[in-house]
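What's in run_21.pdb: PDB, C-alpha atoms, pLDDT in the B column
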ATOM      1  CA  MET A   1       6.253 -10.018  -0.421  1.00 96.00           C
ATOM      2  CA  VAL A   2       4.397  -7.012   0.977  1.00 98.00           C
ATOM      3  CA  ALA A   3       5.669  -3.652  -0.293  1.00 98.00           C
ATOM      4  CA  ILE A   4       5.247  -0.672   2.024  1.00 98.00           C
ATOM      5  CA  VAL A   5       5.317   2.754   0.350  1.00 98.00           C
ATOM      6  CA  ASP A   6       5.132   5.755   2.663  1.00 97.00           C
ATOM      7  CA  ASP A   7       7.159   8.968   2.901  1.00 96.00           C
ATOM      8  CA  ASP A   8       7.031   8.815   6.727  1.00 95.00           C
ATOM      9  CA  GLU A   9       9.982   6.735   7.927  1.00 96.00           C
ATOM     10  CA  GLN A  10       8.401   5.965  11.295  1.00 96.00           C
ATOM     11  CA  VAL A  11       5.213   4.679   9.641  1.00 95.00           C
ATOM     12  CA  ARG A  12       7.239   2.525   7.224  1.00 96.00           C
ATOM     13  CA  HIS A  13       9.266   0.977  10.041  1.00 97.00           C
ATOM     14  CA  SER A  14       6.241   0.269  12.219  1.00 97.00           C
ATOM     15  CA  LEU A  15       4.360  -1.318   9.294  1.00 97.00           C
ATOM     16  CA  HIS A  16       7.432  -3.366   8.411  1.00 98.00           C
ATOM     17  CA  ASP A  17       7.700  -4.596  12.012  1.00 98.00           C
ATOM     18  CA  LEU A  18       3.973  -5.429  12.040  1.00 98.00           C
ATOM     19  CA  MET A  19       4.237  -7.409   8.790  1.00 98.00           C
ATOM     20  CA  GLU A  20       7.311  -9.300   9.974  1.00 97.00           C
ATOM     21  CA  SER A  21       5.695 -10.117  13.350  1.00 97.00           C
ATOM     22  CA  ALA A  22       2.713 -11.579  11.458  1.00 97.00           C
ATOM     23  CA  GLY A  23       5.032 -13.715   9.321  1.00 96.00           C
ATOM     24  CA  PHE A  24       4.933 -11.645   6.126  1.00 97.00           C
ATOM     25  CA  ARG A  25       8.127 -10.680   4.308  1.00 96.00           C
ATOM     26  CA  SER A  26       8.102  -6.964   3.557  1.00 97.00           C
ATOM     27  CA  LEU A  27      10.204  -4.263   1.959  1.00 98.00           C
ATOM     28  CA  GLU A  28      10.025  -0.514   2.589  1.00 98.00           C
ATOM     29  CA  PHE A  29      10.054   2.272   0.009  1.00 98.00           C
ATOM     30  CA  ALA A  30      10.121   6.010   0.768  1.00 98.00           C
ATOM     31  CA  SER A  31       8.238   6.970  -2.403  1.00 98.00           C
ATOM     32  CA  ALA A  32       6.182   5.567  -5.244  1.00 98.00           C
ATOM     33  CA  GLU A  33       9.061   6.341  -7.579  1.00 98.00           C
ATOM     34  CA  GLU A  34      11.481   4.338  -5.409  1.00 98.00           C
ATOM     35  CA  PHE A  35       9.106   1.367  -5.533  1.00 98.00           C
ATOM     36  CA  LEU A  36       8.683   1.637  -9.317  1.00 97.00           C
ATOM     37  CA  ASN A  37      12.462   1.818  -9.839  1.00 97.00           C
ATOM     38  CA  SER A  38      13.204  -1.083  -7.469  1.00 97.00           C
ATOM     39  CA  GLY A  39      12.375  -3.952  -9.805  1.00 94.00           C
ATOM     40  CA  GLU A  40      10.198  -5.452  -7.060  1.00 95.00           C
ATOM     41  CA  ARG A  41       6.842  -5.143  -8.852  1.00 94.00           C
ATOM     42  CA  GLU A  42       7.035  -8.737 -10.053  1.00 93.00           C
ATOM     43  CA  HIS A  43       7.651  -9.971  -6.488  1.00 95.00           C
ATOM     44  CA  THR A  44       4.979  -7.878  -4.786  1.00 97.00           C
ATOM     45  CA  ALA A  45       1.908  -9.821  -3.659  1.00 96.00           C
ATOM     46  CA  CYS A  46       0.386  -6.883  -1.750  1.00 97.00           C
ATOM     47  CA  LEU A  47       1.094  -3.152  -1.671  1.00 98.00           C
ATOM     48  CA  ILE A  48       0.433  -0.905   1.319  1.00 98.00           C
ATOM     49  CA  THR A  49       0.733   2.737   0.346  1.00 97.00           C
ATOM     50  CA  ASP A  50      -0.031   6.174   1.666  1.00 95.00           C
ATOM     51  CA  ILE A  51      -2.305   8.331  -0.479  1.00 92.00           C
ATOM     52  CA  ARG A  52      -0.531  11.673  -0.085  1.00 91.00           C
ATOM     53  CA  MET A  53       3.222  11.681  -0.667  1.00 94.00           C
ATOM     54  CA  PRO A  54       5.665  14.105  -2.298  1.00 95.00           C
ATOM     55  CA  GLY A  55       5.981  13.294  -5.978  1.00 96.00           C
ATOM     56  CA  MET A  56       3.676  10.544  -7.174  1.00 97.00           C
ATOM     57  CA  SER A  57       0.638   9.947  -4.950  1.00 95.00           C
ATOM     58  CA  GLY A  58      -0.678   6.545  -3.968  1.00 94.00           C
ATOM     59  CA  LEU A  59      -3.604   6.964  -6.361  1.00 93.00           C
ATOM     60  CA  GLU A  60      -1.215   7.839  -9.194  1.00 96.00           C
ATOM     61  CA  LEU A  61       0.834   4.747  -8.334  1.00 97.00           C
ATOM     62  CA  GLN A  62      -2.332   2.631  -8.500  1.00 95.00           C
ATOM     63  CA  THR A  63      -3.139   4.079 -11.940  1.00 95.00           C
ATOM     64  CA  LYS A  64       0.407   3.498 -13.224  1.00 96.00           C
ATOM     65  CA  LEU A  65       0.420  -0.135 -12.079  1.00 96.00           C
ATOM     66  CA  LYS A  66      -2.942  -0.732 -13.782  1.00 93.00           C
ATOM     67  CA  GLN A  67      -1.675   0.874 -17.005  1.00 95.00           C
ATOM     68  CA  GLU A  68       1.328  -1.464 -16.913  1.00 94.00           C
ATOM     69  CA  HIS A  69      -0.972  -4.467 -16.285  1.00 94.00           C
ATOM     70  CA  TYR A  70       0.287  -5.241 -12.784  1.00 93.00           C
ATOM     71  CA  ARG A  71      -2.555  -6.687 -10.717  1.00 91.00           C
ATOM     72  CA  ILE A  72      -1.140  -6.005  -7.270  1.00 95.00           C
ATOM     73  CA  PRO A  73      -3.743  -5.812  -4.483  1.00 96.00           C
ATOM     74  CA  ILE A  74      -3.440  -2.387  -2.832  1.00 96.00           C
ATOM     75  CA  ILE A  75      -4.284  -1.247   0.679  1.00 97.00           C
ATOM     76  CA  PHE A  76      -4.350   2.517   1.068  1.00 95.00           C
ATOM     77  CA  ILE A  77      -3.576   4.237   4.351  1.00 94.00           C
ATOM     78  CA  THR A  78      -4.020   7.936   4.897  1.00 90.00           C
ATOM     79  CA  ALA A  79      -4.211  10.555   7.595  1.00 86.00           C
ATOM     80  CA  GLN A  80      -6.372  12.841   5.456  1.00 78.00           C
ATOM     81  CA  GLY A  81      -8.724  10.731   3.428  1.00 70.00           C
ATOM     82  CA  ASP A  82     -12.066  11.966   2.218  1.00 79.00           C
ATOM     83  CA  GLU A  83     -15.020  10.037   0.823  1.00 85.00           C
ATOM     84  CA  LYS A  84     -14.270  11.032  -2.799  1.00 86.00           C
ATOM     85  CA  MET A  85     -10.692   9.768  -2.504  1.00 85.00           C
ATOM     86  CA  ARG A  86     -11.855   6.577  -0.789  1.00 87.00           C
ATOM     87  CA  MET A  87     -14.402   5.845  -3.520  1.00 89.00           C
ATOM     88  CA  GLN A  88     -11.868   6.550  -6.272  1.00 88.00           C
ATOM     89  CA  ALA A  89      -9.386   4.098  -4.729  1.00 89.00           C
ATOM     90  CA  LEU A  90     -11.970   1.372  -4.131  1.00 87.00           C
ATOM     91  CA  ARG A  91     -13.531   1.753  -7.601  1.00 89.00           C
ATOM     92  CA  ALA A  92     -10.063   1.307  -9.096  1.00 87.00           C
ATOM     93  CA  GLY A  93      -9.693  -1.982  -7.220  1.00 87.00           C
ATOM     94  CA  ALA A  94      -8.168  -1.210  -3.816  1.00 92.00           C
ATOM     95  CA  VAL A  95      -8.612  -3.963  -1.232  1.00 92.00           C
ATOM     96  CA  LYS A  96      -8.950  -1.535   1.703  1.00 93.00           C
ATOM     97  CA  PHE A  97      -8.825   2.169   2.446  1.00 93.00           C
ATOM     98  CA  LEU A  98      -7.796   2.829   6.052  1.00 94.00           C
ATOM     99  CA  THR A  99      -7.653   6.162   7.856  1.00 90.00           C
ATOM    100  CA  LYS A 100      -4.831   6.646  10.376  1.00 85.00           C
ATOM    101  CA  PRO A 101      -4.835   5.678  13.134  1.00 88.00           C
ATOM    102  CA  PHE A 102      -6.185   2.243  12.233  1.00 91.00           C
ATOM    103  CA  ASP A 103      -6.361  -1.068  14.049  1.00 94.00           C
ATOM    104  CA  ASP A 104      -3.388  -3.321  13.223  1.00 96.00           C
ATOM    105  CA  GLU A 105      -5.673  -6.358  13.015  1.00 96.00           C
ATOM    106  CA  VAL A 106      -7.830  -4.660  10.370  1.00 96.00           C
ATOM    107  CA  LEU A 107      -4.716  -4.016   8.287  1.00 97.00           C
ATOM    108  CA  LEU A 108      -3.448  -7.581   8.744  1.00 97.00           C
ATOM    109  CA  GLU A 109      -6.852  -8.955   7.754  1.00 95.00           C
ATOM    110  CA  GLY A 110      -6.668  -6.840   4.584  1.00 94.00           C
ATOM    111  CA  VAL A 111      -3.205  -8.195   3.802  1.00 97.00           C
ATOM    112  CA  ARG A 112      -4.428 -11.768   4.293  1.00 95.00           C
ATOM    113  CA  VAL A 113      -7.378 -11.136   1.955  1.00 92.00           C
ATOM    114  CA  ALA A 114      -5.047  -9.584  -0.637  1.00 91.00           C
ATOM    115  CA  LEU A 115      -2.608 -12.494  -0.463  1.00 91.00           C
ATOM    116  CA  ASP A 116      -5.439 -15.030  -0.836  1.00 88.00           C
ATOM    117  CA  SER A 117      -6.849 -13.351  -3.956  1.00 74.00           C
TER     118      SER A 117
END
Can you turn what I pasted into structure tokens?
Amino acid sequence: MVAIVDDDEQVRHSLHDLMESAGFRSLEFASAEEFLNSGEREHTACLITDIRMPGMSGLELQTKLKQEHYRIPIIFITAQGDEKMRMQALRAGAVKFLTKPFDDEVLLEGVRVALDS
């Protein structure tokens, strides 16, 4: 299952539709906290998350999952990424770091890589 965590409802829905059209089961979460409280961590094979969200950020979510020993491949998407943020995410093990708008095929390729790892 691919978990989609983004505070923007339109982005979540479009990513969900993209995942489903490519044959991937996905679930949407409006915040990192909602994802963490969902009980879906054990069923998540790939996580697509925004960096900047109200409450816990995508980078904080990545850190929390690592602290709890969850090895979920993460693809970050952001409208306002900078090189420092990108390097921090990748050094911590992110599969991809994409700046909006991004090519759907690049995202799908990242999901395929994450699911194969």
Translate the PyMOL selection byres ((chain A and resi 114) around 8), as applied to the file shown, into an explicit residue set as an mmCIF file with C-alpha atoms, keeping the file's coordinate frame.
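File written: result_15.cif
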data_model
loop_
_atom_site.group_PDB
_atom_site.id
_atom_site.type_symbol
_atom_site.label_atom_id
_atom_site.label_comp_id
_atom_site.auth_asym_id
_atom_site.auth_seq_id
_atom_site.Cartn_x
_atom_site.Cartn_y
_atom_site.Cartn_z
ATOM 1 C CA ALA A 45 1.908 -9.821 -3.659
ATOM 2 C CA CYS A 46 0.386 -6.883 -1.750
ATOM 3 C CA PRO A 73 -3.743 -5.812 -4.483
ATOM 4 C CA ILE A 74 -3.440 -2.387 -2.832
ATOM 5 C CA VAL A 95 -8.612 -3.963 -1.232
ATOM 6 C CA GLY A 110 -6.668 -6.840 4.584
ATOM 7 C CA VAL A 111 -3.205 -8.195 3.802
ATOM 8 C CA ARG A 112 -4.428 -11.768 4.293
ATOM 9 C CA VAL A 113 -7.378 -11.136 1.955
ATOM 10 C CA LEU A 115 -2.608 -12.494 -0.463
ATOM 11 C CA ASP A 116 -5.439 -15.030 -0.836
ATOM 12 C CA SER A 117 -6.849 -13.351 -3.956
#
Check: Quick one: residues within 8 Å of Phe29 (chain A), only C-alpha atoms counted, chain neighbours fewer than 3 positions away excluded, as a VMD selection string?
Finding: chain A and resid 3 to 7 12 32 34 to 35
Next item on the list: Would you please work out which residue, of A:Gln67, A:Val2, A:Thr99, A:Met87, is nearest to Ala22 (chain A) when using only C-alpha atoms?
Entry: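 Nearest candidate to Ala22 (chain A) out of A:Gln67, A:Val2, A:Thr99, A:Met87: A:Val2.
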Check: At what distance in Å, to one decimal, does CA of Glu109 (chain A) lie from CA of Ala94 (chain A)?
Finding: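 So the answer is 14.0 Å.
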Next item on the list: Would you translate the PyMOL selection byres ((chain A and resi 97) around 8) into the concrete set of residues it matches in this file, as a list in words?
Entry: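 Expected selection for the PyMOL selection byres ((chain A and resi 97) around 8) here is Ile75, Phe76, Ile77, Thr78, Arg86, Ala89, Leu90, Ala94, Val95, Lys96, Leu98 and Thr99 of chain A.
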Given the selection you just returned, output its residues as a file containing C-alpha atoms, formatted as a PDB file, in the coordinates of the input.
ATOM      1  CA  ILE A  75      -4.284  -1.247   0.679  1.00 97.00           C
ATOM      2  CA  PHE A  76      -4.350   2.517   1.068  1.00 95.00           C
ATOM      3  CA  ILE A  77      -3.576   4.237   4.351  1.00 94.00           C
ATOM      4  CA  THR A  78      -4.020   7.936   4.897  1.00 90.00           C
ATOM      5  CA  ARG A  86     -11.855   6.577  -0.789  1.00 87.00           C
ATOM      6  CA  ALA A  89      -9.386   4.098  -4.729  1.00 89.00           C
ATOM      7  CA  LEU A  90     -11.970   1.372  -4.131  1.00 87.00           C
ATOM      8  CA  ALA A  94      -8.168  -1.210  -3.816  1.00 92.00           C
ATOM      9  CA  VAL A  95      -8.612  -3.963  -1.232  1.00 92.00           C
ATOM     10  CA  LYS A  96      -8.950  -1.535   1.703  1.00 93.00           C
ATOM     11  CA  LEU A  98      -7.796   2.829   6.052  1.00 94.00           C
ATOM     12  CA  THR A  99      -7.653   6.162   7.856  1.00 90.00           C
TER      13      THR A  99
END
